[in-house]
Amino acid sequence: MHSPRPIRFVRPALRCPDILDRQALEPIVIKRTDSFSAFEEEALASGFDEALVREWAPDTVIASHAHPFDADAVVTKGEMWLTCDGETRHLLPGDTFVLSRGQQHAEPYGSDGATYWVARRNLR
């Protein structure tokens, strides 16, 4: 059985990626819940601006890019790979990741595609 592996990708000034245990992440990362509505409610209460369901088609490859927002996400279906600073992690349902705004990363998706819930905090 697959056990979730929380992953934290941090700003370039810090080592990227940093693998942390779930207890270490709880103060800074949204607690995972069983429904998107609960995830969204917690995200907004935690200071995020929005929460979205992102669905990706099979075998989609998103080349290296960065976002103008912080992202806190949990994979809910399928599989994906997240590459940051040359290190790649394979993510399955239940796995989490955090990206800081401006963090370069690439996102290839598996043969069944993938879905994740993501909370975003925009630059103010």
# chains A, B, ... in the order shown; residues from 1 in each chain; ligands from 1
$ residues_around --residues "region 32-48 of chain A" --least-positions-apart "6" --cutoff "7 Å" --atoms "only C-alpha atoms" --output "list in words"
Ala119, Arg120 and Arg121 of chain A
$ select_by_dssp --residues "region 43-106 of chain A" --states "strand (DSSP E or B)" --output "ChimeraX atom specification"
/A:50-56,61-65,69-84,87-91,96-99,105-106
$ write_last_selection --atoms "N, CA and C atoms" --output "mmCIF file, in the first residue's frame"
data_model
loop_
_atom_site.group_PDB
_atom_site.id
_atom_site.type_symbol
_atom_site.label_atom_id
_atom_site.label_comp_id
_atom_site.auth_asym_id
_atom_site.auth_seq_id
_atom_site.Cartn_x
_atom_site.Cartn_y
_atom_site.Cartn_z
ATOM 1 N N GLU A 50 -7.561 31.570 -2.786
ATOM 2 C CA GLU A 50 -8.475 30.721 -3.535
ATOM 3 C C GLU A 50 -8.043 29.270 -3.416
ATOM 4 N N ALA A 51 -8.961 28.381 -3.700
ATOM 5 C CA ALA A 51 -8.664 26.951 -3.793
ATOM 6 C C ALA A 51 -9.321 26.441 -5.065
ATOM 7 N N LEU A 52 -8.602 25.608 -5.792
ATOM 8 C CA LEU A 52 -9.070 25.114 -7.086
ATOM 9 C C LEU A 52 -8.886 23.610 -7.194
ATOM 10 N N VAL A 53 -9.698 22.987 -8.028
ATOM 11 C CA VAL A 53 -9.483 21.607 -8.435
ATOM 12 C C VAL A 53 -8.815 21.679 -9.804
ATOM 13 N N ARG A 54 -7.610 21.117 -9.911
ATOM 14 C CA ARG A 54 -6.890 21.113 -11.198
ATOM 15 C C ARG A 54 -6.890 19.694 -11.737
ATOM 16 N N GLU A 55 -7.373 19.527 -12.961
ATOM 17 C CA GLU A 55 -7.423 18.220 -13.611
ATOM 18 C C GLU A 55 -6.552 18.260 -14.858
ATOM 19 N N TRP A 56 -5.707 17.259 -15.003
ATOM 20 C CA TRP A 56 -4.778 17.207 -16.126
ATOM 21 C C TRP A 56 -5.017 15.949 -16.942
ATOM 22 N N VAL A 61 2.492 17.143 -20.376
ATOM 23 C CA VAL A 61 3.802 17.554 -19.860
ATOM 24 C C VAL A 61 3.836 19.071 -19.835
ATOM 25 N N ILE A 62 3.996 19.628 -18.642
ATOM 26 C CA ILE A 62 4.123 21.069 -18.469
ATOM 27 C C ILE A 62 5.610 21.350 -18.242
ATOM 28 N N ALA A 63 6.236 22.033 -19.196
ATOM 29 C CA ALA A 63 7.675 22.326 -19.122
ATOM 30 C C ALA A 63 7.967 23.246 -17.929
ATOM 31 N N SER A 64 9.229 23.417 -17.639
ATOM 32 C CA SER A 64 9.650 24.239 -16.500
ATOM 33 C C SER A 64 9.052 25.642 -16.584
ATOM 34 N N HIS A 65 8.496 26.073 -15.451
ATOM 35 C CA HIS A 65 7.830 27.372 -15.366
ATOM 36 C C HIS A 65 7.745 27.769 -13.895
ATOM 37 N N PHE A 69 2.284 33.022 -7.488
ATOM 38 C CA PHE A 69 1.567 32.749 -6.247
ATOM 39 C C PHE A 69 2.216 31.582 -5.521
ATOM 40 N N ASP A 70 1.981 31.489 -4.201
ATOM 41 C CA ASP A 70 2.372 30.322 -3.416
ATOM 42 C C ASP A 70 1.299 29.265 -3.627
ATOM 43 N N ALA A 71 1.679 28.000 -3.638
ATOM 44 C CA ALA A 71 0.723 26.918 -3.836
ATOM 45 C C ALA A 71 0.933 25.830 -2.790
ATOM 46 N N ASP A 72 -0.175 25.329 -2.273
ATOM 47 C CA ASP A 72 -0.200 24.223 -1.315
ATOM 48 C C ASP A 72 -1.186 23.224 -1.885
ATOM 49 N N ALA A 73 -0.751 22.008 -2.221
ATOM 50 C CA ALA A 73 -1.612 21.098 -2.964
ATOM 51 C C ALA A 73 -1.558 19.670 -2.439
ATOM 52 N N VAL A 74 -2.611 18.931 -2.749
ATOM 53 C CA VAL A 74 -2.680 17.497 -2.460
ATOM 54 C C VAL A 74 -3.189 16.790 -3.714
ATOM 55 N N VAL A 75 -2.481 15.733 -4.117
ATOM 56 C CA VAL A 75 -2.895 14.923 -5.267
ATOM 57 C C VAL A 75 -4.072 14.060 -4.821
ATOM 58 N N THR A 76 -5.150 14.061 -5.615
ATOM 59 C CA THR A 76 -6.337 13.290 -5.253
ATOM 60 C C THR A 76 -6.633 12.137 -6.208
ATOM 61 N N LYS A 77 -6.016 12.162 -7.397
ATOM 62 C CA LYS A 77 -6.268 11.115 -8.382
ATOM 63 C C LYS A 77 -5.119 11.067 -9.371
ATOM 64 N N GLY A 78 -4.782 9.858 -9.849
ATOM 65 C CA GLY A 78 -3.758 9.706 -10.875
ATOM 66 C C GLY A 78 -2.354 9.814 -10.319
ATOM 67 N N GLU A 79 -1.440 10.242 -11.182
ATOM 68 C CA GLU A 79 -0.051 10.401 -10.767
ATOM 69 C C GLU A 79 0.602 11.518 -11.559
ATOM 70 N N MET A 80 1.626 12.092 -10.951
ATOM 71 C CA MET A 80 2.392 13.154 -11.589
ATOM 72 C C MET A 80 3.811 13.104 -11.053
ATOM 73 N N TRP A 81 4.681 13.801 -11.730
ATOM 74 C CA TRP A 81 6.050 13.965 -11.282
ATOM 75 C C TRP A 81 6.282 15.465 -11.159
ATOM 76 N N LEU A 82 6.938 15.876 -10.095
ATOM 77 C CA LEU A 82 7.223 17.292 -9.887
ATOM 78 C C LEU A 82 8.736 17.429 -9.801
ATOM 79 N N THR A 83 9.290 18.240 -10.691
ATOM 80 C CA THR A 83 10.737 18.447 -10.733
ATOM 81 C C THR A 83 11.056 19.860 -10.297
ATOM 82 N N CYS A 84 11.971 19.970 -9.339
ATOM 83 C CA CYS A 84 12.401 21.254 -8.797
ATOM 84 C C CYS A 84 13.904 21.188 -8.577
ATOM 85 N N GLU A 87 15.681 17.846 -9.128
ATOM 86 C CA GLU A 87 15.254 16.664 -8.384
ATOM 87 C C GLU A 87 13.776 16.409 -8.652
ATOM 88 N N THR A 88 13.448 15.158 -8.991
ATOM 89 C CA THR A 88 12.081 14.796 -9.348
ATOM 90 C C THR A 88 11.482 13.885 -8.293
ATOM 91 N N ARG A 89 10.208 14.144 -7.969
ATOM 92 C CA ARG A 89 9.452 13.301 -7.042
ATOM 93 C C ARG A 89 8.211 12.783 -7.752
ATOM 94 N N HIS A 90 7.923 11.504 -7.556
ATOM 95 C CA HIS A 90 6.734 10.856 -8.093
ATOM 96 C C HIS A 90 5.624 11.024 -7.059
ATOM 97 N N LEU A 91 4.506 11.626 -7.460
ATOM 98 C CA LEU A 91 3.414 11.922 -6.536
ATOM 99 C C LEU A 91 2.170 11.122 -6.894
ATOM 100 N N THR A 96 1.473 15.347 -0.994
ATOM 101 C CA THR A 96 1.306 16.793 -0.942
ATOM 102 C C THR A 96 2.558 17.487 -1.467
ATOM 103 N N PHE A 97 2.375 18.735 -1.902
ATOM 104 C CA PHE A 97 3.532 19.556 -2.260
ATOM 105 C C PHE A 97 3.213 21.018 -2.029
ATOM 106 N N VAL A 98 4.269 21.772 -1.757
ATOM 107 C CA VAL A 98 4.172 23.213 -1.540
ATOM 108 C C VAL A 98 5.182 23.871 -2.452
ATOM 109 N N LEU A 99 4.746 24.870 -3.203
ATOM 110 C CA LEU A 99 5.634 25.647 -4.061
ATOM 111 C C LEU A 99 5.531 27.114 -3.680
ATOM 112 N N HIS A 105 9.630 24.921 -11.707
ATOM 113 C CA HIS A 105 9.297 23.510 -11.591
ATOM 114 C C HIS A 105 8.682 23.012 -12.898
ATOM 115 N N ALA A 106 8.717 21.699 -13.098
ATOM 116 C CA ALA A 106 8.098 21.058 -14.259
ATOM 117 C C ALA A 106 7.112 20.017 -13.747
#
$ atom_distance --atom1 "CA of Gly113 (chain A)" --atom2 "CA of Asp59 (chain A)"
6.2 Å
$ atom_distance --atom1 "CA of Leu92 (chain A)" --atom2 "CA of His67 (chain A)"
22.1 Å
$ decode --residues "region 63-103 of chain A" --atoms "N, CA and C atoms" --output "PDB file, in the first residue's frame"
ATOM      1  N   ALA A  63       6.236  22.033 -19.196  1.00  0.00           N
ATOM      2  CA  ALA A  63       7.675  22.326 -19.122  1.00  0.00           C
ATOM      3  C   ALA A  63       7.967  23.246 -17.929  1.00  0.00           C
ATOM      4  N   SER A  64       9.229  23.417 -17.639  1.00  0.00           N
ATOM      5  CA  SER A  64       9.650  24.239 -16.500  1.00  0.00           C
ATOM      6  C   SER A  64       9.052  25.642 -16.584  1.00  0.00           C
ATOM      7  N   HIS A  65       8.496  26.073 -15.451  1.00  0.00           N
ATOM      8  CA  HIS A  65       7.830  27.372 -15.366  1.00  0.00           C
ATOM      9  C   HIS A  65       7.745  27.769 -13.895  1.00  0.00           C
ATOM     10  N   ALA A  66       7.244  28.956 -13.623  1.00  0.00           N
ATOM     11  CA  ALA A  66       7.038  29.432 -12.255  1.00  0.00           C
ATOM     12  C   ALA A  66       5.686  30.137 -12.200  1.00  0.00           C
ATOM     13  N   HIS A  67       5.163  30.294 -10.992  1.00  0.00           N
ATOM     14  CA  HIS A  67       3.879  30.966 -10.791  1.00  0.00           C
ATOM     15  C   HIS A  67       4.066  32.218  -9.949  1.00  0.00           C
ATOM     16  N   PRO A  68       3.176  33.196 -10.085  1.00  0.00           N
ATOM     17  CA  PRO A  68       3.243  34.412  -9.270  1.00  0.00           C
ATOM     18  C   PRO A  68       2.487  34.259  -7.942  1.00  0.00           C
ATOM     19  N   PHE A  69       2.284  33.022  -7.488  1.00  0.00           N
ATOM     20  CA  PHE A  69       1.567  32.749  -6.247  1.00  0.00           C
ATOM     21  C   PHE A  69       2.216  31.582  -5.521  1.00  0.00           C
ATOM     22  N   ASP A  70       1.981  31.489  -4.201  1.00  0.00           N
ATOM     23  CA  ASP A  70       2.372  30.322  -3.416  1.00  0.00           C
ATOM     24  C   ASP A  70       1.299  29.265  -3.627  1.00  0.00           C
ATOM     25  N   ALA A  71       1.679  28.000  -3.638  1.00  0.00           N
ATOM     26  CA  ALA A  71       0.723  26.918  -3.836  1.00  0.00           C
ATOM     27  C   ALA A  71       0.933  25.830  -2.790  1.00  0.00           C
ATOM     28  N   ASP A  72      -0.175  25.329  -2.273  1.00  0.00           N
ATOM     29  CA  ASP A  72      -0.200  24.223  -1.315  1.00  0.00           C
ATOM     30  C   ASP A  72      -1.186  23.224  -1.885  1.00  0.00           C
ATOM     31  N   ALA A  73      -0.751  22.008  -2.221  1.00  0.00           N
ATOM     32  CA  ALA A  73      -1.612  21.098  -2.964  1.00  0.00           C
ATOM     33  C   ALA A  73      -1.558  19.670  -2.439  1.00  0.00           C
ATOM     34  N   VAL A  74      -2.611  18.931  -2.749  1.00  0.00           N
ATOM     35  CA  VAL A  74      -2.680  17.497  -2.460  1.00  0.00           C
ATOM     36  C   VAL A  74      -3.189  16.790  -3.714  1.00  0.00           C
ATOM     37  N   VAL A  75      -2.481  15.733  -4.117  1.00  0.00           N
ATOM     38  CA  VAL A  75      -2.895  14.923  -5.267  1.00  0.00           C
ATOM     39  C   VAL A  75      -4.072  14.060  -4.821  1.00  0.00           C
ATOM     40  N   THR A  76      -5.150  14.061  -5.615  1.00  0.00           N
ATOM     41  CA  THR A  76      -6.337  13.290  -5.253  1.00  0.00           C
ATOM     42  C   THR A  76      -6.633  12.137  -6.208  1.00  0.00           C
ATOM     43  N   LYS A  77      -6.016  12.162  -7.397  1.00  0.00           N
ATOM     44  CA  LYS A  77      -6.268  11.115  -8.382  1.00  0.00           C
ATOM     45  C   LYS A  77      -5.119  11.067  -9.371  1.00  0.00           C
ATOM     46  N   GLY A  78      -4.782   9.858  -9.849  1.00  0.00           N
ATOM     47  CA  GLY A  78      -3.758   9.706 -10.875  1.00  0.00           C
ATOM     48  C   GLY A  78      -2.354   9.814 -10.319  1.00  0.00           C
ATOM     49  N   GLU A  79      -1.440  10.242 -11.182  1.00  0.00           N
ATOM     50  CA  GLU A  79      -0.051  10.401 -10.767  1.00  0.00           C
ATOM     51  C   GLU A  79       0.602  11.518 -11.559  1.00  0.00           C
ATOM     52  N   MET A  80       1.626  12.092 -10.951  1.00  0.00           N
ATOM     53  CA  MET A  80       2.392  13.154 -11.589  1.00  0.00           C
ATOM     54  C   MET A  80       3.811  13.104 -11.053  1.00  0.00           C
ATOM     55  N   TRP A  81       4.681  13.801 -11.730  1.00  0.00           N
ATOM     56  CA  TRP A  81       6.050  13.965 -11.282  1.00  0.00           C
ATOM     57  C   TRP A  81       6.282  15.465 -11.159  1.00  0.00           C
ATOM     58  N   LEU A  82       6.938  15.876 -10.095  1.00  0.00           N
ATOM     59  CA  LEU A  82       7.223  17.292  -9.887  1.00  0.00           C
ATOM     60  C   LEU A  82       8.736  17.429  -9.801  1.00  0.00           C
ATOM     61  N   THR A  83       9.290  18.240 -10.691  1.00  0.00           N
ATOM     62  CA  THR A  83      10.737  18.447 -10.733  1.00  0.00           C
ATOM     63  C   THR A  83      11.056  19.860 -10.297  1.00  0.00           C
ATOM     64  N   CYS A  84      11.971  19.970  -9.339  1.00  0.00           N
ATOM     65  CA  CYS A  84      12.401  21.254  -8.797  1.00  0.00           C
ATOM     66  C   CYS A  84      13.904  21.188  -8.577  1.00  0.00           C
ATOM     67  N   ASP A  85      14.632  22.157  -9.114  1.00  0.00           N
ATOM     68  CA  ASP A  85      16.093  22.196  -8.980  1.00  0.00           C
ATOM     69  C   ASP A  85      16.751  20.866  -9.343  1.00  0.00           C
ATOM     70  N   GLY A  86      16.261  20.243 -10.415  1.00  0.00           N
ATOM     71  CA  GLY A  86      16.861  19.021 -10.924  1.00  0.00           C
ATOM     72  C   GLY A  86      16.486  17.761 -10.173  1.00  0.00           C
ATOM     73  N   GLU A  87      15.681  17.846  -9.128  1.00  0.00           N
ATOM     74  CA  GLU A  87      15.254  16.664  -8.384  1.00  0.00           C
ATOM     75  C   GLU A  87      13.776  16.409  -8.652  1.00  0.00           C
ATOM     76  N   THR A  88      13.448  15.158  -8.991  1.00  0.00           N
ATOM     77  CA  THR A  88      12.081  14.796  -9.348  1.00  0.00           C
ATOM     78  C   THR A  88      11.482  13.885  -8.293  1.00  0.00           C
ATOM     79  N   ARG A  89      10.208  14.144  -7.969  1.00  0.00           N
ATOM     80  CA  ARG A  89       9.452  13.301  -7.042  1.00  0.00           C
ATOM     81  C   ARG A  89       8.211  12.783  -7.752  1.00  0.00           C
ATOM     82  N   HIS A  90       7.923  11.504  -7.556  1.00  0.00           N
ATOM     83  CA  HIS A  90       6.734  10.856  -8.093  1.00  0.00           C
ATOM     84  C   HIS A  90       5.624  11.024  -7.059  1.00  0.00           C
ATOM     85  N   LEU A  91       4.506  11.626  -7.460  1.00  0.00           N
ATOM     86  CA  LEU A  91       3.414  11.922  -6.536  1.00  0.00           C
ATOM     87  C   LEU A  91       2.170  11.122  -6.894  1.00  0.00           C
ATOM     88  N   LEU A  92       1.570  10.509  -5.883  1.00  0.00           N
ATOM     89  CA  LEU A  92       0.376   9.688  -6.015  1.00  0.00           C
ATOM     90  C   LEU A  92      -0.715  10.233  -5.104  1.00  0.00           C
ATOM     91  N   PRO A  93      -1.955   9.758  -5.210  1.00  0.00           N
ATOM     92  CA  PRO A  93      -3.019  10.266  -4.350  1.00  0.00           C
ATOM     93  C   PRO A  93      -2.628  10.258  -2.872  1.00  0.00           C
ATOM     94  N   GLY A  94      -2.879  11.406  -2.229  1.00  0.00           N
ATOM     95  CA  GLY A  94      -2.521  11.587  -0.823  1.00  0.00           C
ATOM     96  C   GLY A  94      -1.210  12.315  -0.628  1.00  0.00           C
ATOM     97  N   ASP A  95      -0.369  12.353  -1.659  1.00  0.00           N
ATOM     98  CA  ASP A  95       0.896  13.079  -1.558  1.00  0.00           C
ATOM     99  C   ASP A  95       0.636  14.576  -1.657  1.00  0.00           C
ATOM    100  N   THR A  96       1.473  15.347  -0.994  1.00  0.00           N
ATOM    101  CA  THR A  96       1.306  16.793  -0.942  1.00  0.00           C
ATOM    102  C   THR A  96       2.558  17.487  -1.467  1.00  0.00           C
ATOM    103  N   PHE A  97       2.375  18.735  -1.902  1.00  0.00           N
ATOM    104  CA  PHE A  97       3.532  19.556  -2.260  1.00  0.00           C
ATOM    105  C   PHE A  97       3.213  21.018  -2.029  1.00  0.00           C
ATOM    106  N   VAL A  98       4.269  21.772  -1.757  1.00  0.00           N
ATOM    107  CA  VAL A  98       4.172  23.213  -1.540  1.00  0.00           C
ATOM    108  C   VAL A  98       5.182  23.871  -2.452  1.00  0.00           C
ATOM    109  N   LEU A  99       4.746  24.870  -3.203  1.00  0.00           N
ATOM    110  CA  LEU A  99       5.634  25.647  -4.061  1.00  0.00           C
ATOM    111  C   LEU A  99       5.531  27.114  -3.680  1.00  0.00           C
ATOM    112  N   SER A 100       6.666  27.756  -3.527  1.00  0.00           N
ATOM    113  CA  SER A 100       6.679  29.195  -3.280  1.00  0.00           C
ATOM    114  C   SER A 100       6.578  29.935  -4.607  1.00  0.00           C
ATOM    115  N   ARG A 101       5.997  31.134  -4.581  1.00  0.00           N
ATOM    116  CA  ARG A 101       5.906  31.924  -5.810  1.00  0.00           C
ATOM    117  C   ARG A 101       7.310  32.086  -6.390  1.00  0.00           C
ATOM    118  N   GLY A 102       7.386  31.993  -7.694  1.00  0.00           N
ATOM    119  CA  GLY A 102       8.662  32.149  -8.378  1.00  0.00           C
ATOM    120  C   GLY A 102       9.507  30.883  -8.460  1.00  0.00           C
ATOM    121  N   GLN A 103       9.093  29.796  -7.801  1.00  0.00           N
ATOM    122  CA  GLN A 103       9.868  28.549  -7.810  1.00  0.00           C
ATOM    123  C   GLN A 103       9.721  27.846  -9.159  1.00  0.00           C
TER     124      GLN A 103
END
